[in-house]
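Novice: Next up, entry-v8.cif (mmCIF, C-alpha atoms).
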```
data_upload
#
loop_
_atom_site.label_atom_id
_atom_site.label_comp_id
_atom_site.auth_asym_id
_atom_site.auth_seq_id
_atom_site.Cartn_x
_atom_site.Cartn_y
_atom_site.Cartn_z
CA MET G 1 -43.37 8.79 -44.83
CA GLN G 2 -41.05 8.08 -41.92
CA ASP G 3 -37.33 8.59 -42.33
CA GLN G 4 -34.89 6.61 -40.15
CA THR G 5 -31.13 6.89 -40.13
CA PRO G 6 -29.24 3.59 -39.63
CA LEU G 7 -27.14 3.41 -36.50
CA THR G 8 -23.72 3.48 -38.12
CA GLU G 9 -20.38 4.88 -36.98
CA THR G 10 -21.36 8.20 -38.54
CA VAL G 11 -24.26 8.40 -36.07
CA LEU G 12 -22.85 6.76 -32.95
CA GLY G 13 -19.74 8.08 -31.25
CA ASP G 14 -18.18 7.66 -27.85
CA SER G 15 -20.12 7.94 -24.60
CA PRO G 16 -20.07 11.49 -23.20
CA GLY G 17 -17.15 12.70 -21.14
CA PRO G 18 -13.46 11.82 -21.29
CA PHE G 19 -13.52 10.74 -17.60
CA ARG G 20 -16.29 8.85 -15.80
CA VAL G 21 -16.53 8.41 -12.04
CA GLY G 22 -19.05 6.35 -10.07
CA VAL G 23 -20.13 7.47 -6.60
CA LEU G 24 -21.44 5.08 -3.96
CA ALA G 25 -23.22 7.48 -1.59
CA LEU G 26 -25.05 6.64 1.60
CA ALA G 27 -28.82 6.98 1.32
CA ASN G 28 -28.93 9.87 3.79
CA ASP G 29 -25.85 11.81 2.59
CA GLN G 30 -26.92 15.34 1.65
CA VAL G 31 -23.49 16.83 0.93
CA ILE G 32 -21.20 14.60 -1.16
CA GLU G 33 -22.89 15.16 -4.54
CA ARG G 34 -22.95 18.92 -4.08
CA ASP G 35 -19.29 18.98 -3.06
CA LEU G 36 -18.10 16.80 -5.94
CA GLY G 37 -20.08 18.96 -8.36
CA LEU G 38 -18.13 21.99 -7.13
CA LEU G 39 -14.74 20.28 -7.08
CA LEU G 40 -14.66 18.19 -10.25
CA PRO G 41 -14.38 19.92 -13.66
CA PRO G 42 -16.98 19.37 -16.41
CA GLU G 43 -14.87 16.75 -18.20
CA VAL G 44 -15.23 14.45 -15.17
CA LEU G 45 -18.76 13.04 -15.29
CA THR G 46 -20.17 11.45 -12.13
CA PHE G 47 -22.80 8.73 -11.77
CA THR G 48 -24.26 8.19 -8.32
CA THR G 49 -26.12 5.35 -6.67
CA ARG G 50 -27.22 5.06 -3.06
CA ILE G 51 -26.51 2.50 -0.34
CA ALA G 52 -29.24 1.92 2.23
CA PHE G 53 -28.26 3.51 5.53
CA GLY G 54 -29.97 5.41 8.28
CA GLY G 55 -30.45 5.64 11.99
CA ASP G 56 -27.51 5.79 14.34
CA CYS G 57 -23.99 6.23 13.05
CA THR G 58 -22.24 3.43 14.93
CA MET G 59 -19.52 0.95 14.02
CA GLU G 60 -22.02 -1.91 14.04
CA GLN G 61 -24.48 -0.10 11.77
CA LEU G 62 -21.75 1.01 9.37
CA ALA G 63 -20.36 -2.51 9.03
CA LYS G 64 -23.77 -3.77 7.90
CA MET G 65 -23.22 -2.09 4.52
CA VAL G 66 -20.71 -4.73 3.39
CA PRO G 67 -23.20 -7.02 1.56
CA GLN G 68 -24.59 -4.04 -0.39
CA LEU G 69 -21.32 -2.74 -1.84
CA ALA G 70 -20.93 -4.88 -4.97
CA GLU G 71 -24.67 -4.75 -5.68
CA ALA G 72 -24.63 -0.96 -5.49
CA ALA G 73 -21.54 -0.77 -7.70
CA GLN G 74 -23.37 -2.78 -10.37
CA LEU G 75 -25.91 0.05 -10.65
CA LEU G 76 -23.26 2.62 -11.59
CA ASN G 77 -24.00 2.96 -15.30
CA PRO G 78 -23.00 -0.60 -16.21
CA GLU G 79 -22.93 0.19 -19.94
CA VAL G 80 -19.75 2.32 -19.76
CA ALA G 81 -16.29 1.70 -18.35
CA LEU G 82 -15.65 3.77 -15.25
CA ASP G 83 -12.28 5.37 -14.56
CA ALA G 84 -12.85 5.51 -10.80
CA VAL G 85 -15.45 4.56 -8.20
CA ILE G 86 -15.80 6.47 -4.93
CA PHE G 87 -17.04 4.91 -1.71
CA GLY G 88 -18.53 7.95 -0.03
CA CYS G 89 -18.27 7.32 3.69
CA THR G 90 -15.25 8.05 5.88
CA SER G 91 -16.45 6.30 9.03
CA GLY G 92 -17.77 3.44 6.90
CA THR G 93 -14.28 2.98 5.47
CA ILE G 94 -12.98 2.58 9.03
CA ALA G 95 -15.73 0.11 9.96
CA ILE G 96 -15.50 -1.99 6.77
CA GLY G 97 -11.85 -1.63 5.79
CA PRO G 98 -10.34 -0.20 2.58
CA GLU G 99 -9.40 -3.64 1.23
CA THR G 100 -12.96 -4.99 1.51
CA ILE G 101 -14.31 -1.87 -0.20
CA ARG G 102 -11.72 -2.11 -2.97
CA ASP G 103 -12.47 -5.79 -3.58
CA ALA G 104 -16.22 -5.13 -3.83
CA ILE G 105 -15.77 -2.24 -6.29
CA GLN G 106 -13.25 -4.01 -8.48
CA SER G 107 -15.30 -7.20 -8.60
CA VAL G 108 -17.71 -5.12 -10.70
CA SER G 109 -15.37 -2.55 -12.28
CA PRO G 110 -11.96 -4.23 -12.36
CA GLY G 111 -10.34 -1.42 -14.32
CA ALA G 112 -11.56 1.38 -12.06
CA LEU G 113 -9.56 3.20 -9.44
CA ALA G 114 -11.25 2.45 -6.09
CA VAL G 115 -11.30 5.64 -3.99
CA ASN G 116 -12.23 6.02 -0.33
CA PRO G 117 -11.96 9.08 1.93
CA VAL G 118 -9.47 7.62 4.43
CA GLU G 119 -6.81 6.58 1.94
CA ALA G 120 -7.41 9.71 -0.15
CA ALA G 121 -6.95 11.93 2.90
CA SER G 122 -3.82 10.05 3.95
CA GLY G 123 -2.37 10.54 0.46
CA ALA G 124 -3.32 14.20 0.44
CA LEU G 125 -1.72 14.86 3.82
CA ARG G 126 1.49 13.13 2.74
CA HIS G 127 1.44 15.18 -0.47
CA LEU G 128 1.26 18.32 1.67
CA GLY G 129 4.17 17.11 3.81
CA ALA G 130 2.02 16.85 6.93
CA ARG G 131 2.62 14.11 9.50
CA ARG G 132 1.30 15.77 12.66
CA ILE G 133 -2.36 16.68 12.25
CA ASN G 134 -5.36 18.15 14.00
CA LEU G 135 -8.52 16.08 13.56
CA VAL G 136 -12.12 17.34 13.51
CA THR G 137 -14.95 14.77 13.35
CA PRO G 138 -18.74 14.77 13.75
CA TYR G 139 -18.68 11.31 15.36
CA GLU G 140 -19.39 9.77 18.70
CA PHE G 141 -16.25 8.81 20.52
CA GLU G 142 -15.88 5.13 19.56
CA ILE G 143 -15.83 5.99 15.85
CA ALA G 144 -13.62 9.04 16.44
CA ASP G 145 -11.15 6.92 18.42
CA ARG G 146 -11.04 4.35 15.61
CA MET G 147 -10.53 7.15 13.09
CA ALA G 148 -7.61 8.56 15.05
CA ALA G 149 -6.10 5.07 15.45
CA GLN G 150 -6.35 4.48 11.68
CA PHE G 151 -4.37 7.62 10.93
CA GLU G 152 -1.83 6.82 13.61
CA ALA G 153 -1.38 3.35 12.11
CA ALA G 154 -0.74 5.04 8.75
CA GLY G 155 2.12 7.01 10.24
CA PHE G 156 0.41 10.22 11.37
CA ALA G 157 0.44 11.74 14.84
CA ILE G 158 -2.75 13.31 16.19
CA ASN G 159 -1.84 16.69 17.66
CA ARG G 160 -5.29 17.79 18.86
CA ARG G 161 -8.80 16.50 18.22
CA PHE G 162 -12.36 17.82 18.36
CA ASP G 163 -15.41 15.53 18.09
CA PHE G 164 -19.00 16.79 17.89
CA GLY G 165 -20.18 13.50 19.44
CA ILE G 166 -23.10 13.00 17.02
CA THR G 167 -24.81 9.61 16.94
CA ALA G 168 -27.95 10.34 14.88
CA SER G 169 -26.70 10.22 11.28
CA GLU G 170 -29.27 12.73 10.04
CA ASP G 171 -27.76 15.40 12.30
CA ILE G 172 -24.29 15.29 10.74
CA SER G 173 -25.26 17.23 7.61
CA ARG G 174 -27.04 19.80 9.80
CA VAL G 175 -23.89 20.99 11.55
CA ARG G 176 -23.33 24.59 10.48
CA PRO G 177 -20.17 25.33 8.49
CA GLU G 178 -19.41 28.10 11.00
CA ALA G 179 -19.44 25.55 13.84
CA ILE G 180 -16.90 23.44 11.94
CA LEU G 181 -14.77 26.54 11.41
CA GLU G 182 -14.95 27.37 15.12
CA ALA G 183 -13.96 23.82 16.11
CA ALA G 184 -10.94 23.77 13.79
CA ALA G 185 -9.87 27.29 14.81
CA ARG G 186 -10.13 26.30 18.49
CA LEU G 187 -7.60 23.54 17.90
CA GLY G 188 -5.28 26.13 16.38
CA GLY G 189 -2.09 25.56 14.47
CA GLU G 190 0.46 25.11 17.23
CA GLY G 191 2.20 21.74 17.03
CA ALA G 192 0.37 20.60 13.87
CA GLU G 193 1.15 20.69 10.17
CA ALA G 194 -2.40 20.30 8.77
CA THR G 195 -6.02 19.80 9.76
CA PHE G 196 -8.16 16.89 8.58
CA ILE G 197 -11.94 17.30 8.73
CA SER G 198 -13.61 13.91 8.46
CA CYS G 199 -16.96 12.89 6.92
CA THR G 200 -18.42 13.18 3.41
CA ASP G 201 -21.74 14.47 4.84
CA PHE G 202 -20.12 17.36 6.73
CA GLN G 203 -20.58 20.92 5.43
CA SER G 204 -16.90 21.80 5.70
CA LEU G 205 -16.05 22.60 2.07
CA GLU G 206 -17.08 26.25 2.13
CA VAL G 207 -14.95 27.04 5.20
CA LEU G 208 -11.73 25.20 4.26
CA GLU G 209 -9.90 28.32 3.17
CA ARG G 210 -11.08 30.26 6.23
CA ILE G 211 -9.75 27.46 8.44
CA GLU G 212 -6.43 27.65 6.61
CA THR G 213 -6.32 31.39 7.25
CA GLU G 214 -7.23 30.98 10.93
CA THR G 215 -4.74 28.18 11.62
CA GLY G 216 -1.99 29.09 9.16
CA MET G 217 -1.76 25.57 7.72
CA PRO G 218 -3.45 23.46 5.03
CA THR G 219 -6.83 21.84 5.66
CA VAL G 220 -8.04 18.61 4.09
CA SER G 221 -11.64 17.35 4.04
CA SER G 222 -13.01 13.96 2.99
CA ASN G 223 -14.68 15.12 -0.23
CA GLN G 224 -11.87 17.50 -1.18
CA ALA G 225 -9.30 14.71 -0.68
CA MET G 226 -11.22 12.29 -2.91
CA ALA G 227 -11.55 14.92 -5.64
CA TRP G 228 -7.79 15.53 -5.42
CA ASP G 229 -7.07 11.78 -5.56
CA ILE G 230 -9.20 11.38 -8.70
CA LEU G 231 -7.84 14.44 -10.50
CA ALA G 232 -4.23 13.57 -9.70
CA SER G 233 -4.63 9.88 -10.57
CA LEU G 234 -6.40 10.54 -13.86
CA GLY G 235 -3.98 13.29 -14.83
CA VAL G 236 -6.62 16.01 -15.02
CA THR G 237 -4.74 19.31 -14.94
CA GLY G 238 -5.74 22.73 -13.68
CA GLY G 239 -6.02 23.98 -10.12
CA VAL G 240 -9.39 24.37 -8.41
CA PRO G 241 -9.50 27.71 -6.54
CA GLY G 242 -11.56 28.45 -3.46
CA TYR G 243 -11.39 25.10 -1.68
CA GLY G 244 -8.01 24.95 0.00
CA ARG G 245 -4.36 24.68 -0.87
CA LEU G 246 -4.57 21.00 -1.83
CA LEU G 247 -6.69 21.61 -4.95
CA ARG G 248 -5.50 25.14 -5.64
CA GLU G 249 -1.96 23.84 -6.25
CA LEU G 250 -2.82 21.11 -8.74
CA PRO G 251 -0.54 21.42 -11.78
CA ASN G 252 -1.85 23.34 -14.79
#
```
Could you spell out this file's structure in structure tokens?

Specialist:
Amino acid sequence: MQDQTPLTETVLGDSPGPFRVGVLALANDQVIERDLGLLLPPEVLTFTTRIAFGGDCTMEQLAKMVPQLAEAAQLLNPEVALDAVIFGCTSGTIAIGPETIRDAIQSVSPGALAVNPVEAASGALRHLGARRINLVTPYEFEIADRMAAQFEAAGFAINRRFDFGITASEDISRVRPEAILEAAARLGGEGAEATFISCTDFQSLEVLERIETETGMPTVSSNQAMAWDILASLGVTGGVPGYGRLLRELPN
């Protein structure tokens, strides 16, 4: 004899998690999922899909992702309403434009907060009261110049800048955290109010607090800024220790 319970309201409840966040990650990104797993609390569930990308990290190559954005967003657990959707590429945000990314995400998830690293970092830096910043990037110089220009257009002044000059996208995630620390420390704290370390595929998270100690000012990274944007926007309380002043000082 086989027993079967009818699917009634006593059996079915809500989908798991009070907060649900979709992540549009580049196919070759090895860092963003790990970082978000460390930064977001258990009540914030993440669902990730990948966007085809590889080869050289250039403005032309990055811009080719545009037709894939809405299609990728449709794969983000379409059976539940998402509270936010992350586009996980800082240089891609520069190449494509925040408005185009937002339109693609909200064409699929109209009620979701559309998050990108550039606007999240800008918001985080303003929250910290920083207008004059040091900038560390993994990029070749055309992308780095465009990145600096984007922040200047948003009202920031670039105090000093260090670029690793990497073109091969697979090499970005291979940069040692200690090398990122050394680059940021070399720029120092004189004349600046914060450091921004760009790129979701950069292993900067574990050295953020050491950079803050070395330079004497707050440090913001792409993934840390997006986590802050989501937590602050959704009203998730409780500071996140170990990954810089920005998250440590979230309200309890």

Novice: What's the 10 Å shell around segment 178-186 of chain G, counting only C-alpha atoms, without same-chain residues fewer than 5 positions away, as a list of chain:residue names?

Specialist: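 Contacts, in chain order: G:Asn134, G:Leu135, G:Val136, G:Thr137, G:Pro138, G:Arg160, G:Arg161, G:Phe162, G:Asp163, G:Phe164, G:Thr195, G:Phe196, G:Ile197, G:Phe202, G:Gln203, G:Ser204, G:Leu205, G:Glu206, G:Val207, G:Leu208, G:Glu209, G:Arg210, G:Ile211, G:Glu212, G:Thr213, G:Glu214, G:Thr215, G:Gly216, G:Thr219.
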
Novice: List the residues matched by the PyMOL selection byres ((chain G and resi 39) around 8) in the displayed structure as a PDB file with C-alpha atoms, keeping the file's coordinate frame, ordered by chain and then by residue number.

Specialist:
```
ATOM      1  CA  ASP G  35     -19.290  18.980  -3.060  1.00  0.00           C
ATOM      2  CA  LEU G  36     -18.100  16.800  -5.940  1.00  0.00           C
ATOM      3  CA  GLY G  37     -20.080  18.960  -8.360  1.00  0.00           C
ATOM      4  CA  LEU G  38     -18.130  21.990  -7.130  1.00  0.00           C
ATOM      5  CA  LEU G  40     -14.660  18.190 -10.250  1.00  0.00           C
ATOM      6  CA  PRO G  41     -14.380  19.920 -13.660  1.00  0.00           C
ATOM      7  CA  GLN G 224     -11.870  17.500  -1.180  1.00  0.00           C
ATOM      8  CA  ALA G 227     -11.550  14.920  -5.640  1.00  0.00           C
ATOM      9  CA  VAL G 240      -9.390  24.370  -8.410  1.00  0.00           C
ATOM     10  CA  TYR G 243     -11.390  25.100  -1.680  1.00  0.00           C
TER      11      TYR G 243
END
```

Novice: Between G:Val118, G:Val31, G:Leu45, G:Ala232, which one has atoms that come closest to Met147 of chain G, using only C-alpha atoms?

Specialist: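 With only C-alpha atoms as the atom set, the closest residue is G:Val118.
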
Novice: Asp29 of chain G: which residues within 10 Å, counting all atoms listed in the file, same-chain residues fewer than 6 positions away excluded, as a ChimeraX atom specification?

Specialist: /G:50-51,53-54,88-89,169-170,172-173,199-202

Novice: Take atom CA of Ile133 of chain G and atom CA of Gly244 of chain G and report the distance between them in Å, one decimal.

Specialist: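 According to the coordinates, atom CA of Ile133 of chain G and atom CA of Gly244 of chain G are separated by 15.8 Å.
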
Novice: For each of G:Leu82, G:Leu125, G:Leu26, G:Ala168, take the minimum atom-to-atom distance to Gly55 of chain G, counting all atoms listed in the file, then give the residue where this is smallest.

Specialist: G:Ala168

Novice: Care to translate the PyMOL selection byres ((chain G and resi 250) around 7) into actual residues of this file, as a PyMOL selection string?

Specialist: chain G and resi 237-239+247-249+251-252

Novice: Which is closest to Pro18 of chain G among G:Glu33, G:Val236, G:Asp171, G:Ile166, if we use only C-alpha atoms?

Specialist: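 Of all the options, G:Val236 lies closest to Pro18 of chain G.
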
Novice: Where does the PyMOL selection byres ((chain G and resi 65) around 10) land in this file, that is, which residues does it pick, as a list of chain:residue names?

Specialist: G:Leu26, G:Ile51, G:Ala52, G:Phe53, G:Glu60, G:Gln61, G:Leu62, G:Ala63, G:Lys64, G:Val66, G:Pro67, G:Gln68, G:Leu69, G:Gly92, G:Ala95, G:Ile96

Novice: Kindly extract all protein, DNA and RNA residues lying within 12 Å of the coordinates (-12.5, -4.1, -11.5) given in the file, considering only C-alpha atoms, and supply them as a PyMOL selection string.

Specialist: chain G and resi 70+73-74+81-85+101-114

Novice: When distances are computed from all atoms listed in the file, which of G:Pro117, G:Pro218, G:Gly13, G:Gly235 shows the smallest separation from Arg132 of chain G?

Specialist: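 Going through G:Pro117, G:Pro218, G:Gly13, G:Gly235 one by one, the smallest distance to Arg132 of chain G is for G:Pro218.
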
Novice: How big is the axis-aligned box, and where does its centre sit, when it encloses all atoms of segment 206-225 of chain G listed in the file and has 6 Å added on every side, reported in Å to one decimal as AutoDock Vina command-line options?

Specialist:
```
--center_x -9.4 --center_y 22.7 --center_z 5.2 --size_x 27.3 --size_y 29.4 --size_z 24.8
```

Novice: Mind pulling up the distance from atom CA of Leu75 of chain G to atom CA of Thr100 of chain G?

Specialist: 18.5 Å

Novice: Can you tell me, as a PyMOL selection string, what residues are no more than 10 Å from Gly155 of chain G when counting all atoms listed in the file, ignoring any on the same chain fewer than 5 positions away?

Specialist: chain G and resi 122+126+131-132+149-150

Novice: With distances taken over all atoms listed in the file, which of G:Val23, G:Val44, G:Ala192, G:Ala130 is nearest to Leu234 of chain G?

Specialist: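 Under the stated criterion, the closest residue is G:Val44.
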
Novice: Could you jot down the atom CA of Leu24 of chain G to atom CA of Asp56 of chain G separation for me, Å, one decimal place?

Specialist: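 Atom CA of Leu24 of chain G sits 19.3 Å away from atom CA of Asp56 of chain G.
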
Novice: I'd like to know which of G:Ile86, G:Ala194, G:Val220, G:Val80 is closest to Gly22 of chain G, using all atoms listed in the file.

Specialist: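 Using all atoms listed in the file, the shortest distance to Gly22 of chain G belongs to G:Ile86.
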
Novice: Please reconstruct the missing atoms of segment 107-137 of chain G (target: N, CA and C atoms) and return them as an mmCIF file, in the coordinates of the input.

Specialist:
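Printed below is selection_35.cif as written:
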```
data_model
loop_
_atom_site.group_PDB
_atom_site.id
_atom_site.type_symbol
_atom_site.label_atom_id
_atom_site.label_comp_id
_atom_site.auth_asym_id
_atom_site.auth_seq_id
_atom_site.Cartn_x
_atom_site.Cartn_y
_atom_site.Cartn_z
ATOM 1 N N SER G 107 -14.619 -5.992 -8.117
ATOM 2 C CA SER G 107 -15.300 -7.200 -8.600
ATOM 3 C C SER G 107 -16.303 -6.852 -9.688
ATOM 4 N N VAL G 108 -16.749 -5.601 -9.701
ATOM 5 C CA VAL G 108 -17.710 -5.120 -10.700
ATOM 6 C C VAL G 108 -17.014 -4.296 -11.770
ATOM 7 N N SER G 109 -16.107 -3.422 -11.357
ATOM 8 C CA SER G 109 -15.370 -2.550 -12.280
ATOM 9 C C SER G 109 -13.878 -2.789 -12.084
ATOM 10 N N PRO G 110 -13.352 -3.866 -12.637
ATOM 11 C CA PRO G 110 -11.960 -4.230 -12.360
ATOM 12 C C PRO G 110 -10.938 -3.216 -12.845
ATOM 13 N N GLY G 111 -11.281 -2.410 -13.819
ATOM 14 C CA GLY G 111 -10.340 -1.420 -14.320
ATOM 15 C C GLY G 111 -10.421 -0.073 -13.642
ATOM 16 N N ALA G 112 -11.332 0.071 -12.691
ATOM 17 C CA ALA G 112 -11.560 1.380 -12.060
ATOM 18 C C ALA G 112 -10.663 1.579 -10.848
ATOM 19 N N LEU G 113 -10.230 2.810 -10.658
ATOM 20 C CA LEU G 113 -9.560 3.200 -9.440
ATOM 21 C C LEU G 113 -10.593 3.218 -8.312
ATOM 22 N N ALA G 114 -10.340 2.477 -7.232
ATOM 23 C CA ALA G 114 -11.250 2.450 -6.090
ATOM 24 C C ALA G 114 -10.805 3.512 -5.086
ATOM 25 N N VAL G 115 -11.663 4.485 -4.815
ATOM 26 C CA VAL G 115 -11.300 5.640 -3.990
ATOM 27 C C VAL G 115 -12.145 5.633 -2.723
ATOM 28 N N ASN G 116 -11.493 5.837 -1.581
ATOM 29 C CA ASN G 116 -12.230 6.020 -0.330
ATOM 30 C C ASN G 116 -11.650 7.219 0.401
ATOM 31 N N PRO G 117 -12.401 7.833 1.311
ATOM 32 C CA PRO G 117 -11.960 9.080 1.930
ATOM 33 C C PRO G 117 -10.731 8.929 2.822
ATOM 34 N N VAL G 118 -10.582 7.786 3.476
ATOM 35 C CA VAL G 118 -9.470 7.620 4.430
ATOM 36 C C VAL G 118 -8.142 7.549 3.700
ATOM 37 N N GLU G 119 -8.060 6.684 2.688
ATOM 38 C CA GLU G 119 -6.810 6.580 1.940
ATOM 39 C C GLU G 119 -6.536 7.839 1.127
ATOM 40 N N ALA G 120 -7.597 8.464 0.591
ATOM 41 C CA ALA G 120 -7.410 9.710 -0.150
ATOM 42 C C ALA G 120 -6.877 10.809 0.758
ATOM 43 N N ALA G 121 -7.427 10.913 1.960
ATOM 44 C CA ALA G 121 -6.950 11.930 2.900
ATOM 45 C C ALA G 121 -5.524 11.663 3.336
ATOM 46 N N SER G 122 -5.190 10.395 3.569
ATOM 47 C CA SER G 122 -3.820 10.050 3.950
ATOM 48 C C SER G 122 -2.852 10.454 2.840
ATOM 49 N N GLY G 123 -3.215 10.152 1.588
ATOM 50 C CA GLY G 123 -2.370 10.540 0.460
ATOM 51 C C GLY G 123 -2.246 12.041 0.324
ATOM 52 N N ALA G 124 -3.342 12.739 0.548
ATOM 53 C CA ALA G 124 -3.320 14.200 0.440
ATOM 54 C C ALA G 124 -2.438 14.817 1.516
ATOM 55 N N LEU G 125 -2.538 14.324 2.730
ATOM 56 C CA LEU G 125 -1.720 14.860 3.820
ATOM 57 C C LEU G 125 -0.237 14.599 3.580
ATOM 58 N N ARG G 126 0.084 13.415 3.065
ATOM 59 C CA ARG G 126 1.490 13.130 2.740
ATOM 60 C C ARG G 126 1.968 14.066 1.616
ATOM 61 N N HIS G 127 1.100 14.278 0.636
ATOM 62 C CA HIS G 127 1.440 15.180 -0.470
ATOM 63 C C HIS G 127 1.764 16.577 0.051
ATOM 64 N N LEU G 128 1.051 16.999 1.081
ATOM 65 C CA LEU G 128 1.260 18.320 1.670
ATOM 66 C C LEU G 128 2.434 18.342 2.643
ATOM 67 N N GLY G 129 3.037 17.185 2.884
ATOM 68 C CA GLY G 129 4.170 17.110 3.810
ATOM 69 C C GLY G 129 3.763 17.148 5.261
ATOM 70 N N ALA G 130 2.533 16.783 5.561
ATOM 71 C CA ALA G 130 2.020 16.850 6.930
ATOM 72 C C ALA G 130 2.030 15.462 7.569
ATOM 73 N N ARG G 131 2.629 15.361 8.735
ATOM 74 C CA ARG G 131 2.620 14.110 9.500
ATOM 75 C C ARG G 131 1.944 14.285 10.859
ATOM 76 N N ARG G 132 1.932 15.501 11.371
ATOM 77 C CA ARG G 132 1.300 15.770 12.660
ATOM 78 C C ARG G 132 0.048 16.612 12.385
ATOM 79 N N ILE G 133 -1.119 16.065 12.708
ATOM 80 C CA ILE G 133 -2.360 16.680 12.250
ATOM 81 C C ILE G 133 -3.332 16.951 13.402
ATOM 82 N N ASN G 134 -4.159 17.968 13.196
ATOM 83 C CA ASN G 134 -5.360 18.150 14.000
ATOM 84 C C ASN G 134 -6.511 17.420 13.315
ATOM 85 N N LEU G 135 -7.417 16.882 14.099
ATOM 86 C CA LEU G 135 -8.520 16.080 13.560
ATOM 87 C C LEU G 135 -9.842 16.617 14.082
ATOM 88 N N VAL G 136 -10.764 16.909 13.158
ATOM 89 C CA VAL G 136 -12.120 17.340 13.510
ATOM 90 C C VAL G 136 -13.088 16.307 12.944
ATOM 91 N N THR G 137 -13.976 15.761 13.794
ATOM 92 C CA THR G 137 -14.950 14.770 13.350
ATOM 93 C C THR G 137 -16.335 15.107 13.888
#
```
